[in-house]
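The structure file final-v1.cif is reproduced below (mmCIF, C-alpha atoms).
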```
data_my_file
loop_
_atom_site.label_atom_id
_atom_site.label_comp_id
_atom_site.auth_asym_id
_atom_site.auth_seq_id
_atom_site.Cartn_x
_atom_site.Cartn_y
_atom_site.Cartn_z
CA GLN A 274 169.71 42.52 14.32
CA LYS A 275 171.38 45.25 16.27
CA GLU A 276 170.97 45.24 20.05
CA VAL A 277 169.22 47.99 21.92
CA GLU A 278 169.10 47.72 25.70
CA GLN A 279 167.00 49.81 28.03
CA ASN A 280 167.23 50.12 31.79
CA SER A 281 164.93 47.62 33.39
CA GLY A 282 161.82 48.89 35.03
CA PRO A 283 159.41 49.56 36.24
CA LEU A 284 160.46 53.05 37.21
CA SER A 285 158.35 54.79 39.83
CA VAL A 286 158.74 58.52 40.42
CA PRO A 287 156.74 61.04 42.45
CA GLU A 288 154.79 63.71 40.65
CA GLY A 289 156.96 66.69 39.85
CA ALA A 290 160.21 64.72 39.89
CA ILE A 291 162.57 63.95 37.03
CA ALA A 292 162.32 60.55 35.38
CA SER A 293 165.53 59.36 33.76
CA LEU A 294 165.49 56.65 31.10
CA ASN A 295 168.60 55.13 29.59
CA CYS A 296 169.29 53.20 26.40
CA THR A 297 172.48 51.66 25.02
CA TYR A 298 173.03 50.35 21.52
CA SER A 299 175.57 48.06 19.91
CA ASP A 300 176.01 49.43 16.39
CA ARG A 301 178.49 52.30 16.22
CA GLY A 302 177.21 53.13 12.76
CA SER A 303 173.75 54.12 13.99
CA GLN A 304 172.87 57.70 13.20
CA SER A 305 169.27 58.27 14.29
CA PHE A 306 167.78 57.72 17.72
CA PHE A 307 164.16 57.84 18.75
CA TRP A 308 162.02 57.81 21.86
CA TYR A 309 158.46 56.56 21.63
CA ARG A 310 155.80 56.56 24.33
CA GLN A 311 153.24 53.77 24.51
CA TYR A 312 150.22 53.86 26.75
CA SER A 313 148.75 50.54 27.80
CA GLY A 314 146.71 49.05 24.97
CA LYS A 315 147.74 51.77 22.53
CA SER A 316 150.27 52.10 19.73
CA PRO A 317 153.69 53.73 20.10
CA GLU A 318 153.78 57.46 19.47
CA LEU A 319 156.90 59.45 18.72
CA ILE A 320 158.13 61.77 21.46
CA MET A 321 161.31 62.96 19.83
CA PHE A 322 164.36 62.02 17.80
CA ILE A 323 167.97 63.05 18.03
CA TYR A 324 170.91 62.81 15.62
CA SER A 325 173.70 64.87 17.09
CA ASN A 326 175.70 64.45 20.25
CA GLY A 327 174.45 66.55 23.11
CA ASP A 328 171.03 67.54 24.38
CA LYS A 329 167.79 68.20 22.57
CA GLU A 330 164.89 69.70 24.47
CA ASP A 331 161.19 69.63 23.64
CA GLY A 332 158.96 70.93 26.37
CA ARG A 333 159.42 68.78 29.47
CA PHE A 334 161.40 66.18 27.54
CA THR A 335 165.15 66.21 26.96
CA ALA A 336 166.98 63.64 24.90
CA GLN A 337 170.70 63.21 25.39
CA LEU A 338 173.00 61.44 22.95
CA ASN A 339 176.58 60.30 23.44
CA LYS A 340 177.76 58.38 20.37
CA ALA A 341 181.21 57.68 21.80
CA SER A 342 179.65 55.84 24.73
CA GLN A 343 176.79 54.51 22.61
CA TYR A 344 173.99 55.63 24.83
CA VAL A 345 170.95 57.79 24.52
CA SER A 346 168.79 58.94 27.39
CA LEU A 347 165.46 60.64 27.96
CA LEU A 348 164.71 62.94 30.85
CA ILE A 349 161.15 63.81 31.76
CA ARG A 350 161.04 66.91 33.94
CA ASP A 351 158.15 67.81 36.23
CA SER A 352 156.69 64.33 35.76
CA GLN A 353 152.91 64.15 35.59
CA PRO A 354 150.56 61.18 36.09
CA SER A 355 149.83 61.43 32.35
CA ASP A 356 153.48 60.49 31.73
CA SER A 357 152.80 57.01 33.12
CA ALA A 358 153.50 54.78 30.13
CA THR A 359 156.09 52.51 28.58
CA TYR A 360 158.94 54.32 26.83
CA LEU A 361 160.62 52.66 23.85
CA CYS A 362 164.08 53.51 22.60
CA ALA A 363 164.71 52.91 18.90
CA VAL A 364 167.89 53.07 16.85
CA ASN A 365 168.18 53.15 13.10
CA GLU A 366 169.67 50.29 11.13
CA ARG A 367 170.52 50.33 7.47
CA ASP A 368 167.74 50.07 4.90
CA TYR A 369 165.40 52.36 6.84
CA LYS A 370 164.79 49.87 9.62
CA LEU A 371 164.68 50.55 13.34
CA SER A 372 165.72 48.33 16.24
CA PHE A 373 163.67 48.72 19.38
CA GLY A 374 164.49 48.15 23.00
CA ALA A 375 162.09 46.19 25.18
CA GLY A 376 160.85 49.37 26.85
CA THR A 377 160.86 50.87 30.31
CA THR A 378 157.58 51.30 32.15
CA VAL A 379 157.26 54.53 34.10
CA THR A 380 154.71 55.14 36.83
CA VAL A 381 154.25 58.64 38.19
CA ARG A 382 152.86 58.66 41.74
CA ALA A 383 150.45 61.45 42.55
CA ASP B 278 148.00 61.16 13.82
CA ALA B 279 149.44 59.80 10.61
CA GLY B 280 146.74 58.38 8.36
CA ILE B 281 147.19 54.70 9.12
CA THR B 282 144.42 52.19 9.69
CA GLN B 283 144.60 48.51 10.46
CA SER B 284 141.93 45.89 10.02
CA PRO B 285 140.65 43.96 11.75
CA ARG B 286 141.41 45.51 15.14
CA HIS B 287 140.70 42.27 16.96
CA LYS B 288 140.58 38.72 15.71
CA VAL B 289 140.22 35.31 17.29
CA THR B 290 141.00 32.34 15.10
CA GLU B 291 141.86 28.68 15.38
CA THR B 292 145.16 26.94 14.85
CA GLY B 293 145.76 26.03 11.24
CA THR B 294 143.53 28.65 9.66
CA PRO B 295 144.86 31.34 7.33
CA VAL B 296 144.69 34.94 8.54
CA THR B 297 145.27 38.20 6.68
CA LEU B 298 145.81 41.53 8.36
CA ARG B 299 145.55 44.74 6.41
CA CYS B 300 147.38 48.03 6.82
CA HIS B 301 146.15 51.04 4.88
CA GLN B 302 147.84 54.46 4.72
CA THR B 303 146.79 57.76 3.24
CA GLU B 304 150.22 59.45 3.55
CA ASN B 305 151.74 58.12 0.33
CA HIS B 306 154.80 56.97 2.31
CA ARG B 307 157.23 54.68 0.55
CA TYR B 308 158.12 52.40 3.47
CA MET B 309 155.72 50.16 5.36
CA TYR B 310 156.48 47.73 8.17
CA TRP B 311 154.84 44.95 10.11
CA TYR B 312 155.85 44.35 13.74
CA ARG B 313 154.68 42.07 16.45
CA GLN B 314 154.79 43.03 20.11
CA ASP B 315 154.96 40.48 22.89
CA PRO B 316 155.63 40.99 26.61
CA GLY B 317 159.35 41.14 27.30
CA HIS B 318 160.31 41.33 23.63
CA GLY B 319 159.40 44.81 22.57
CA LEU B 320 158.67 45.42 18.92
CA ARG B 321 160.10 42.88 16.50
CA LEU B 322 160.11 43.40 12.76
CA ILE B 323 158.33 40.74 10.70
CA HIS B 324 158.53 42.11 7.15
CA TYR B 325 158.86 45.46 5.54
CA SER B 326 158.29 47.04 2.14
CA TYR B 327 160.32 49.70 0.36
CA GLY B 328 157.95 50.12 -2.56
CA VAL B 329 155.14 48.49 -4.50
CA LYS B 330 155.95 44.80 -4.88
CA ASP B 331 159.27 45.33 -3.05
CA THR B 332 159.42 43.54 0.28
CA ASP B 333 162.03 42.00 2.55
CA LYS B 334 162.19 39.89 5.68
CA GLY B 335 162.68 41.10 9.21
CA GLU B 336 163.98 39.21 12.22
CA VAL B 337 160.86 37.10 12.88
CA SER B 338 159.53 36.35 9.39
CA ASP B 339 159.01 32.57 9.64
CA GLY B 340 155.34 31.69 9.19
CA TYR B 341 154.44 35.07 7.71
CA SER B 342 154.17 36.43 4.19
CA VAL B 343 153.38 39.90 2.90
CA SER B 344 152.20 41.60 -0.23
CA ARG B 345 152.07 45.18 -1.43
CA SER B 346 150.25 45.71 -4.72
CA LYS B 347 149.46 49.38 -4.08
CA THR B 348 151.36 52.12 -2.29
CA GLU B 349 148.63 52.47 0.30
CA ASP B 350 148.10 48.83 1.27
CA PHE B 351 150.39 46.32 2.96
CA LEU B 352 148.98 42.90 3.79
CA LEU B 353 150.36 40.44 6.33
CA THR B 354 149.30 36.79 5.94
CA LEU B 355 149.66 33.95 8.38
CA GLU B 356 149.37 30.97 6.09
CA SER B 357 148.51 28.54 8.90
CA ALA B 358 148.14 30.27 12.23
CA THR B 359 149.78 28.81 15.33
CA SER B 360 149.33 29.67 19.00
CA SER B 361 152.83 31.19 19.03
CA GLN B 362 151.52 33.84 16.64
CA THR B 363 149.13 35.17 19.24
CA SER B 364 150.31 38.74 19.58
CA VAL B 365 149.60 42.37 18.94
CA TYR B 366 150.54 43.36 15.40
CA PHE B 367 151.48 46.91 14.48
CA CYS B 368 151.88 48.42 11.08
CA ALA B 369 154.19 51.41 10.67
CA ILE B 370 155.03 53.78 7.84
CA SER B 371 157.96 56.00 6.97
CA ASP B 372 158.59 58.44 4.16
CA GLY B 373 162.16 57.22 3.89
CA GLY B 374 163.56 60.68 4.31
CA GLY B 375 166.61 61.47 6.38
CA THR B 376 164.78 61.10 9.65
CA ASP B 377 163.84 57.40 9.39
CA THR B 378 160.92 58.28 11.63
CA GLN B 379 158.24 55.63 11.71
CA TYR B 380 154.60 56.24 12.58
CA PHE B 381 152.43 53.47 13.90
CA GLY B 382 148.92 52.28 13.23
CA PRO B 383 146.48 51.42 16.03
CA GLY B 384 147.37 47.72 16.11
CA THR B 385 145.57 44.41 15.69
CA ARG B 386 145.19 42.01 18.58
CA LEU B 387 145.28 38.46 17.25
CA THR B 388 144.46 35.41 19.34
CA VAL B 389 145.09 31.95 17.94
CA LEU B 390 143.32 29.21 19.90
#
```
Kindly return the structure encoded in the file as structure tokens.
Amino acid sequence: QKEVEQNSGPLSVPEGAIASLNCTYSDRGSQSFFWYRQYSGKSPELIMFIYSNGDKEDGRFTAQLNKASQYVSLLIRDSQPSDSATYLCAVNERDYKLSFGAGTTVTVRA
Amino acid sequence: DAGITQSPRHKVTETGTPVTLRCHQTENHRYMYWYRQDPGHGLRLIHYSYGVKDTDKGEVSDGYSVSRSKTEDFLLTLESATSSQTSVYFCAISDGGGTDTQYFGPGTRLTVL
């Protein structure tokens, strides 16, 4: 089982601020990286995925990947109370499996 | 949302009883997965399937078995439930394409007394 580590939370940010979430992984062979959002009592839902080094933007979300340093991050700009959730980082393994981090809980203060 | 349903959504059972959870998909995806989620552990893979009758173990497979007789259904069985198997169980599916993206069902909350 490959290791995926996320920055410990909880993370509290004021409304309108940027929330920054970090994730490191152990397997240099990993090629696909995912961020899921999970509201309390609900199932994980995909926010975005990234394959290539650099930034990928989707609305208020930006994923950043640095394979040389083995980290992937997620920035949430203009944070809203509706962004309050647990964010899961996932990294692909072989055989179409994913390894998940334990998650970082974000609270956006109004 | 991807067409994934899980049943039952909630179940309370007693130690030593058998329990079967069902995952049903309408997406015709090749890959199906069972995870458990516990506080502080994130999602941990129990078993997965890469086709009808083709299954393999994940990192926490002890005490669990699975079966997949049709593309759309993936069953998880606890042969003799224990209190340590109290958890939230999620099914996920993937089409196995280049993205490896997995989509999750609504989950089943299982309590073993």
| Best match for closeness to Asp333 in chain B among B:Thr348, B:Glu356, B:Tyr308, B:Leu387, counting all atoms listed in the file |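 Smallest separation from Asp333 in chain B among the options: B:Tyr308.
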| query | Which of these residues is nearest to Gln302 in chain B, using all atoms listed in the file: B:Gly374, B:Gly280, B:Gly317, B:Pro383? | reply |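 Closest candidate: B:Gly280.
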At most 9 Å to chain A: residues in chain B, only C-alpha atoms, as a PDB file with C-alpha atoms, keeping the file's coordinate frame:
```pdb
ATOM      1  CA  ASP B 278     148.000  61.160  13.820  1.00  0.00           C
ATOM      2  CA  TYR B 308     158.120  52.400   3.470  1.00  0.00           C
ATOM      3  CA  TYR B 310     156.480  47.730   8.170  1.00  0.00           C
ATOM      4  CA  PRO B 316     155.630  40.990  26.610  1.00  0.00           C
ATOM      5  CA  GLY B 317     159.350  41.140  27.300  1.00  0.00           C
ATOM      6  CA  HIS B 318     160.310  41.330  23.630  1.00  0.00           C
ATOM      7  CA  GLY B 319     159.400  44.810  22.570  1.00  0.00           C
ATOM      8  CA  LEU B 320     158.670  45.420  18.920  1.00  0.00           C
ATOM      9  CA  ARG B 321     160.100  42.880  16.500  1.00  0.00           C
ATOM     10  CA  LEU B 322     160.110  43.400  12.760  1.00  0.00           C
ATOM     11  CA  TYR B 325     158.860  45.460   5.540  1.00  0.00           C
ATOM     12  CA  TYR B 327     160.320  49.700   0.360  1.00  0.00           C
ATOM     13  CA  GLY B 335     162.680  41.100   9.210  1.00  0.00           C
ATOM     14  CA  GLU B 336     163.980  39.210  12.220  1.00  0.00           C
ATOM     15  CA  PHE B 367     151.480  46.910  14.480  1.00  0.00           C
ATOM     16  CA  SER B 371     157.960  56.000   6.970  1.00  0.00           C
ATOM     17  CA  GLY B 373     162.160  57.220   3.890  1.00  0.00           C
ATOM     18  CA  GLY B 374     163.560  60.680   4.310  1.00  0.00           C
ATOM     19  CA  GLY B 375     166.610  61.470   6.380  1.00  0.00           C
ATOM     20  CA  THR B 376     164.780  61.100   9.650  1.00  0.00           C
ATOM     21  CA  ASP B 377     163.840  57.400   9.390  1.00  0.00           C
ATOM     22  CA  THR B 378     160.920  58.280  11.630  1.00  0.00           C
ATOM     23  CA  GLN B 379     158.240  55.630  11.710  1.00  0.00           C
ATOM     24  CA  TYR B 380     154.600  56.240  12.580  1.00  0.00           C
ATOM     25  CA  PHE B 381     152.430  53.470  13.900  1.00  0.00           C
ATOM     26  CA  GLY B 382     148.920  52.280  13.230  1.00  0.00           C
ATOM     27  CA  PRO B 383     146.480  51.420  16.030  1.00  0.00           C
ATOM     28  CA  GLY B 384     147.370  47.720  16.110  1.00  0.00           C
TER      29      GLY B 384
END
```
| Could you state the separation of CA of Thr359 in chain A and CA of Ala383 in chain A in Å, given to one decimal place? | 17.5 Å
| query | Mind telling me what the PyMOL selection byres ((chain A and resi 346-352) around 8) catches here, as a list in words? | reply | Val286, Pro287, Glu288, Gly289, Ala290, Ile291, Ala292, Ser293, Leu294, Asn295, Cys296, Trp308, Arg333, Phe334, Thr335, Ala336, Gln337, Leu338, Tyr344, Val345, Gln353, Pro354, Asp356 and Val381 of chain A
| message | So the first atom is CA of Asn326 in chain A and the second is CA of Val277 in chain A; what is the distance between them in Å, to one decimal place? | response |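 Answer for the CA of Asn326 in chain A to CA of Val277 in chain A separation: 17.8 Å.
CA of Val296 in chain B to CA of Gln314 in chain B spans 17.4 Å [interatomic distance, one decimal].
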| request: Select, from B:Leu355, B:Val337, B:Met309, B:Leu390, the residue with the minimum atom-to-atom distance to Pro295 in chain B, counting only C-alpha atoms. | output: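 For Pro295 in chain B, the nearest of the candidates is B:Leu355.
Close contacts of range 344-347 of chain B, defined as residues with an atom at most 10 Å away when counting all atoms listed in the file, with chain neighbours fewer than 2 positions off set aside, comprise Arg299, Cys300, His301, Met309, His324, Tyr325, Ser326, Tyr327, Gly328, Val329, Lys330, Asp331, Thr332, Ser342, Glu349, Asp350, Phe351, Leu352, Leu353 and Thr354 of chain B.
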Writer output for current selection, C-alpha atoms, as a PDB file, in the coordinates of the input:
```pdb
ATOM      1  CA  ARG B 299     145.550  44.740   6.410  1.00  0.00           C
ATOM      2  CA  CYS B 300     147.380  48.030   6.820  1.00  0.00           C
ATOM      3  CA  HIS B 301     146.150  51.040   4.880  1.00  0.00           C
ATOM      4  CA  MET B 309     155.720  50.160   5.360  1.00  0.00           C
ATOM      5  CA  HIS B 324     158.530  42.110   7.150  1.00  0.00           C
ATOM      6  CA  TYR B 325     158.860  45.460   5.540  1.00  0.00           C
ATOM      7  CA  SER B 326     158.290  47.040   2.140  1.00  0.00           C
ATOM      8  CA  TYR B 327     160.320  49.700   0.360  1.00  0.00           C
ATOM      9  CA  GLY B 328     157.950  50.120  -2.560  1.00  0.00           C
ATOM     10  CA  VAL B 329     155.140  48.490  -4.500  1.00  0.00           C
ATOM     11  CA  LYS B 330     155.950  44.800  -4.880  1.00  0.00           C
ATOM     12  CA  ASP B 331     159.270  45.330  -3.050  1.00  0.00           C
ATOM     13  CA  THR B 332     159.420  43.540   0.280  1.00  0.00           C
ATOM     14  CA  SER B 342     154.170  36.430   4.190  1.00  0.00           C
ATOM     15  CA  GLU B 349     148.630  52.470   0.300  1.00  0.00           C
ATOM     16  CA  ASP B 350     148.100  48.830   1.270  1.00  0.00           C
ATOM     17  CA  PHE B 351     150.390  46.320   2.960  1.00  0.00           C
ATOM     18  CA  LEU B 352     148.980  42.900   3.790  1.00  0.00           C
ATOM     19  CA  LEU B 353     150.360  40.440   6.330  1.00  0.00           C
ATOM     20  CA  THR B 354     149.300  36.790   5.940  1.00  0.00           C
TER      21      THR B 354
END
```
| Distance query Val365 in chain B at most 6 Å, all atoms listed in the file, self and fewer than 2 positions along chain excluded, as an MDAnalysis selection string | chainID B and resid 313:314 385:386
